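Engineer: Coordinates in work25.tsv, TSV, C-alpha atoms, are listed below.
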chain	number	residue	atom	x	y	z
N	246	MET	CA	105.45	93.27	97.59
N	247	GLU	CA	108.59	95.38	97.89
N	248	GLU	CA	108.05	96.72	94.35
N	249	ARG	CA	104.51	97.81	95.23
N	250	LEU	CA	105.74	99.61	98.33
N	251	ARG	CA	108.42	101.41	96.31
N	252	ALA	CA	105.85	102.41	93.66
N	253	PHE	CA	103.51	103.70	96.37
N	254	LEU	CA	106.28	105.73	98.04
N	255	GLN	CA	107.29	107.20	94.66
N	256	HIS	CA	103.65	108.13	94.04
N	257	LEU	CA	103.51	109.87	97.43
N	258	ASP	CA	106.73	111.76	96.66
N	259	ALA	CA	105.32	112.89	93.30
N	260	LEU	CA	102.12	114.06	94.98
N	261	GLU	CA	104.00	116.03	97.61
N	262	GLN	CA	106.31	117.65	95.04
N	263	ALA	CA	103.37	118.66	92.82
N	264	ASP	CA	101.48	120.05	95.82
N	265	GLY	CA	101.41	123.83	95.82
N	266	THR	CA	98.96	125.14	98.37
N	267	GLU	CA	96.48	122.25	98.50
N	268	ASN	CA	96.78	119.11	100.51
N	269	CYS	CA	97.99	116.42	98.09
N	270	PHE	CA	95.73	113.74	99.55
N	271	ALA	CA	92.63	115.93	99.31
N	272	GLN	CA	93.43	116.62	95.64
N	273	GLU	CA	94.00	112.92	94.96
N	274	PHE	CA	90.61	112.14	96.56
N	275	ARG	CA	88.87	114.79	94.44
N	276	ASN	CA	90.46	113.34	91.30
N	277	LEU	CA	89.32	109.82	92.21
N	278	LYS	CA	85.81	111.06	92.98
N	279	LYS	CA	85.66	112.95	89.67
N	280	SER	CA	86.84	109.84	87.79
N	281	ALA	CA	84.17	107.74	89.49
N	282	LEU	CA	81.44	110.21	88.57
N	283	THR	CA	82.46	110.71	84.96
N	284	GLY	CA	83.95	107.28	84.26
N	285	LYS	CA	86.92	109.06	82.67
N	286	GLY	CA	90.51	108.59	83.69
N	287	THR	CA	89.99	105.06	84.96
N	288	GLU	CA	89.12	101.65	83.62
N	289	LEU	CA	86.85	101.09	86.62
N	290	SER	CA	83.06	101.32	86.30
N	291	THR	CA	80.20	101.84	88.78
N	292	GLU	CA	77.25	100.46	86.81
N	293	ALA	CA	75.80	98.20	89.56
N	294	GLY	CA	75.62	101.11	92.01
N	295	ARG	CA	73.85	103.25	89.40
N	296	LEU	CA	71.04	100.76	88.75
N	297	LYS	CA	67.67	102.11	89.83
N	298	GLU	CA	67.00	99.18	92.17
N	299	ASN	CA	70.40	99.66	93.87
N	300	ALA	CA	70.48	103.48	94.04
N	301	LYS	CA	68.38	103.49	97.23
N	302	LYS	CA	71.03	101.33	98.92
N	303	ASN	CA	73.73	104.00	98.52
N	304	ARG	CA	74.13	106.53	101.31
N	305	TYR	CA	75.60	109.02	98.82
N	306	LYS	CA	74.82	109.10	95.11
N	307	ASP	CA	78.41	110.03	94.25
N	308	ILE	CA	80.20	107.31	96.26
N	309	LEU	CA	79.62	104.02	94.49
N	310	PRO	CA	81.46	100.69	94.55
N	311	TYR	CA	83.58	99.79	91.56
N	312	ASP	CA	82.07	96.90	89.58
N	313	GLN	CA	85.45	95.24	89.19
N	314	THR	CA	86.03	94.88	92.95
N	315	ARG	CA	82.56	95.12	94.45
N	316	VAL	CA	81.40	92.59	97.04
N	317	PRO	CA	78.57	90.46	95.61
N	318	LEU	CA	76.25	88.90	98.17
N	319	THR	CA	75.04	85.37	97.51
N	320	LEU	CA	73.46	84.50	100.84
N	321	LEU	CA	69.91	85.68	100.20
N	322	THR	CA	67.47	85.87	103.09
N	323	GLU	CA	64.35	85.64	100.92
N	324	GLU	CA	62.89	86.68	97.56
N	325	GLY	CA	63.54	90.28	96.67
N	326	TYR	CA	67.01	90.58	98.18
N	327	SER	CA	69.69	91.31	95.60
N	328	ASP	CA	73.43	90.67	95.56
N	329	TYR	CA	74.16	94.40	95.88
N	330	ILE	CA	75.84	96.15	98.78
N	331	ASN	CA	77.87	99.36	98.54
N	332	ALA	CA	81.16	97.64	99.36
N	333	ASN	CA	84.47	96.83	97.70
N	334	PHE	CA	87.24	94.34	98.31
N	335	ILE	CA	90.61	95.94	99.01
N	336	ARG	CA	93.88	94.18	98.32
N	337	GLY	CA	96.29	93.59	101.15
N	338	ALA	CA	100.07	93.90	100.93
N	339	ASP	CA	100.24	90.49	99.23
N	340	GLY	CA	97.94	91.69	96.42
N	341	LEU	CA	95.03	89.44	97.44
N	342	PRO	CA	91.57	90.73	98.42
N	343	THR	CA	92.03	90.97	102.18
N	344	TYR	CA	89.77	93.77	103.39
N	345	ILE	CA	86.29	95.07	102.68
N	346	ALA	CA	85.39	98.76	102.71
N	347	THR	CA	81.71	99.64	102.94
N	348	GLN	CA	79.54	102.64	103.71
N	349	GLY	CA	77.95	103.14	107.09
N	350	PRO	CA	74.71	101.18	106.65
N	351	LEU	CA	71.34	102.79	106.11
N	352	GLY	CA	68.36	101.54	108.11
N	353	THR	CA	67.33	99.55	105.04
N	354	THR	CA	70.77	97.99	104.45
N	355	ILE	CA	71.66	96.68	107.92
N	356	ILE	CA	70.52	93.18	106.89
N	357	ASP	CA	72.78	93.41	103.84
N	358	LEU	CA	75.72	94.40	106.05
N	359	TRP	CA	75.15	91.38	108.29
N	360	ARG	CA	74.70	89.12	105.24
N	361	MET	CA	78.11	90.31	104.03
N	362	ILE	CA	79.75	89.87	107.44
N	363	TRP	CA	78.38	86.33	107.70
N	364	GLU	CA	79.09	85.27	104.11
N	365	PHE	CA	82.67	86.55	104.01
N	366	ARG	CA	83.41	85.50	107.60
N	367	VAL	CA	84.41	89.00	108.67
N	368	THR	CA	85.96	88.81	112.14
N	369	ILE	CA	86.87	92.47	112.74
N	370	VAL	CA	84.73	95.50	111.95
N	371	ILE	CA	86.24	98.98	112.22
N	372	MET	CA	83.84	101.89	112.10
N	373	ALA	CA	85.58	105.00	110.76
N	374	CYS	CA	82.75	107.46	111.44
N	375	ARG	CA	80.35	108.40	114.20
N	376	GLU	CA	76.64	107.63	114.06
N	377	VAL	CA	76.02	111.38	113.77
N	378	GLU	CA	78.54	113.97	112.56
N	379	MET	CA	77.79	117.69	112.43
N	380	GLY	CA	74.08	116.97	112.86
N	381	LYS	CA	73.91	114.47	109.97
N	382	ARG	CA	73.37	110.73	110.35
N	383	LYS	CA	76.41	108.94	108.94
N	384	CYS	CA	75.69	105.38	110.08
N	385	GLU	CA	72.75	103.45	111.49
N	386	ARG	CA	73.44	101.48	114.64
N	387	TYR	CA	74.04	97.91	113.51
N	388	TRP	CA	75.35	96.60	116.83
N	389	ALA	CA	73.74	95.81	120.17
N	390	THR	CA	74.40	97.75	123.35
N	391	ASP	CA	73.98	96.49	126.91
N	392	GLN	CA	70.94	98.76	127.30
N	393	GLU	CA	69.30	98.10	123.92
N	394	PRO	CA	69.60	94.82	122.06
N	395	CYS	CA	69.86	95.00	118.28
N	396	ASP	CA	66.80	93.28	116.82
N	397	LEU	CA	67.50	92.31	113.22
N	398	TRP	CA	63.93	91.04	112.90
N	399	SER	CA	62.60	94.60	113.23
N	400	PHE	CA	65.10	95.86	110.60
N	401	HIS	CA	64.06	93.06	108.29
N	402	HIS	CA	60.37	94.01	108.38
N	403	HIS	CA	60.63	97.80	107.92
When written as structure tokens, how does the structure in this file appear?
Structural biologist:
Amino acid sequence: MEERLRAFLQHLDALEQADGTENCFAQEFRNLKKSALTGKGTELSTEAGRLKENAKKNRYKDILPYDQTRVPLTLLTEEGYSDYINANFIRGADGLPTYIATQGPLGTTIIDLWRMIWEFRVTIVIMACREVEMGKRKCERYWATDQEPCDLWSFHHH
């Protein structure tokens, strides 16, 4: 673990030293995004997310899960539900898959989100966006409020 931390800190130092006027993290993100779109510069692929039947489950066409670390769903609710969700496992400090990163669900993928939470026994969910940002919907409400219960049955039959 200590070696990984040292390698990460060296990578950060290299990014900061190479940074002229641009934010080094923003540039790193752009490079990763470009690699994901073109498939060049990485051994990771995004074929499952590109499949026609899965494309409608992606909030953004250019942010797809890597095939090598994607979260496959096996708990199927009924015929017609696939194993696809736009989500990836993320290694923890010990190198084991410890976390899951996923997009804010669409109205049509809330059931998939809850299938994933149930199947992988997720105990903590952290939402890193608002429902609406700058006038654009970034996440459907997948939780209940005191005023309005969350009815998964109605999501399931839309």
Engineer: What gap, in Å, lies between CA of Tyr329 (chain N) and CA of Cys384 (chain N)?
Structural biologist: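 So the two atoms, CA of Tyr329 (chain N) and CA of Cys384 (chain N), lie 18.0 Å apart.
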Engineer: In Å, with one decimal, what is the gap from CA of Arg295 (chain N) to CA of Arg360 (chain N)?
Structural biologist: 21.2 Å
Engineer: Hey, can you check how far CA of Leu351 (chain N) sits from CA of Lys302 (chain N)?
Structural biologist: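 Distance reported for this atom pair: 7.3 Å.
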Engineer: N:Ala346, N:Ile335, N:Ala293, N:Leu341: which is nearest Ala373 (chain N), counting only C-alpha atoms?
Structural biologist: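 Counting only C-alpha atoms, the residue closest to Ala373 (chain N) is N:Ala346.
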Engineer: Which residues are close to Thr343 (chain N), i.e. within 12 Å by all atoms listed in the file, leaving aside same-chain residues fewer than 2 positions away? Reply as a list in words.
Structural biologist: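 After dropping sequence-adjacent residues, the list is Thr314, Val316, Asn333, Phe334, Ile335, Arg336, Gly337, Ala338, Asp339, Gly340, Leu341, Ile345, Ala346, Phe365, Arg366, Val367, Thr368 and Ile369 of chain N.
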Engineer: Could you save the residues just selected, with C-alpha atoms, as a compact mmCIF listing (two decimals), in the coordinates of the input?
Structural biologist:
# COMPACT_ATOMS: atom_id res chain seq x y z
CA THR N 314 86.03 94.88 92.95
CA VAL N 316 81.40 92.59 97.04
CA ASN N 333 84.47 96.83 97.70
CA PHE N 334 87.24 94.34 98.31
CA ILE N 335 90.61 95.94 99.01
CA ARG N 336 93.88 94.18 98.32
CA GLY N 337 96.29 93.59 101.15
CA ALA N 338 100.07 93.90 100.93
CA ASP N 339 100.24 90.49 99.23
CA GLY N 340 97.94 91.69 96.42
CA LEU N 341 95.03 89.44 97.44
CA ILE N 345 86.29 95.07 102.68
CA ALA N 346 85.39 98.76 102.71
CA PHE N 365 82.67 86.55 104.01
CA ARG N 366 83.41 85.50 107.60
CA VAL N 367 84.41 89.00 108.67
CA THR N 368 85.96 88.81 112.14
CA ILE N 369 86.87 92.47 112.74
Engineer: With all atoms listed in the file as the atoms that count, which of N:Gly294, N:Pro350, N:Met379, N:Leu254 lies nearest to Asp328 (chain N)?
Structural biologist: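 For Asp328 (chain N), the nearest of the candidates is N:Gly294.
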Engineer: Taking all atoms listed in the file into account, name the residue in N:Ser327, N:Gln348, N:Gln313, N:Asn303 that is nearest to Arg375 (chain N).
Structural biologist: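 Nearest candidate to Arg375 (chain N) out of N:Ser327, N:Gln348, N:Gln313, N:Asn303: N:Gln348.
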Engineer: Choose the residue, out of N:Ile356, N:Leu250, N:Met361, N:Leu296, that has the smallest atom-to-atom separation from Glu385 (chain N); count all atoms listed in the file.
Structural biologist: N:Ile356
Engineer: Which residue, N:Asp391, N:Glu378, N:Glu292, N:Glu248, has the smallest gap to Leu309 (chain N) when you use all atoms listed in the file?
Structural biologist: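 Distance minimum relative to Leu309 (chain N) lands on N:Glu292.
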Engineer: Quick one: of N:Ser290, N:Asn276, N:Thr354, N:Asn331, who's nearest to Ile308 (chain N), counting all atoms listed in the file?
Structural biologist: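 Selected residue with least distance to Ile308 (chain N): N:Asn331.
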Engineer: So which residues are close to (75.7, 84.8, 102.7), meaning at most 6 Å away in the file's coordinates with only C-alpha atoms counted, and can you show them as a ChimeraX atom specification?
Structural biologist: /N:319-320,360,363-364
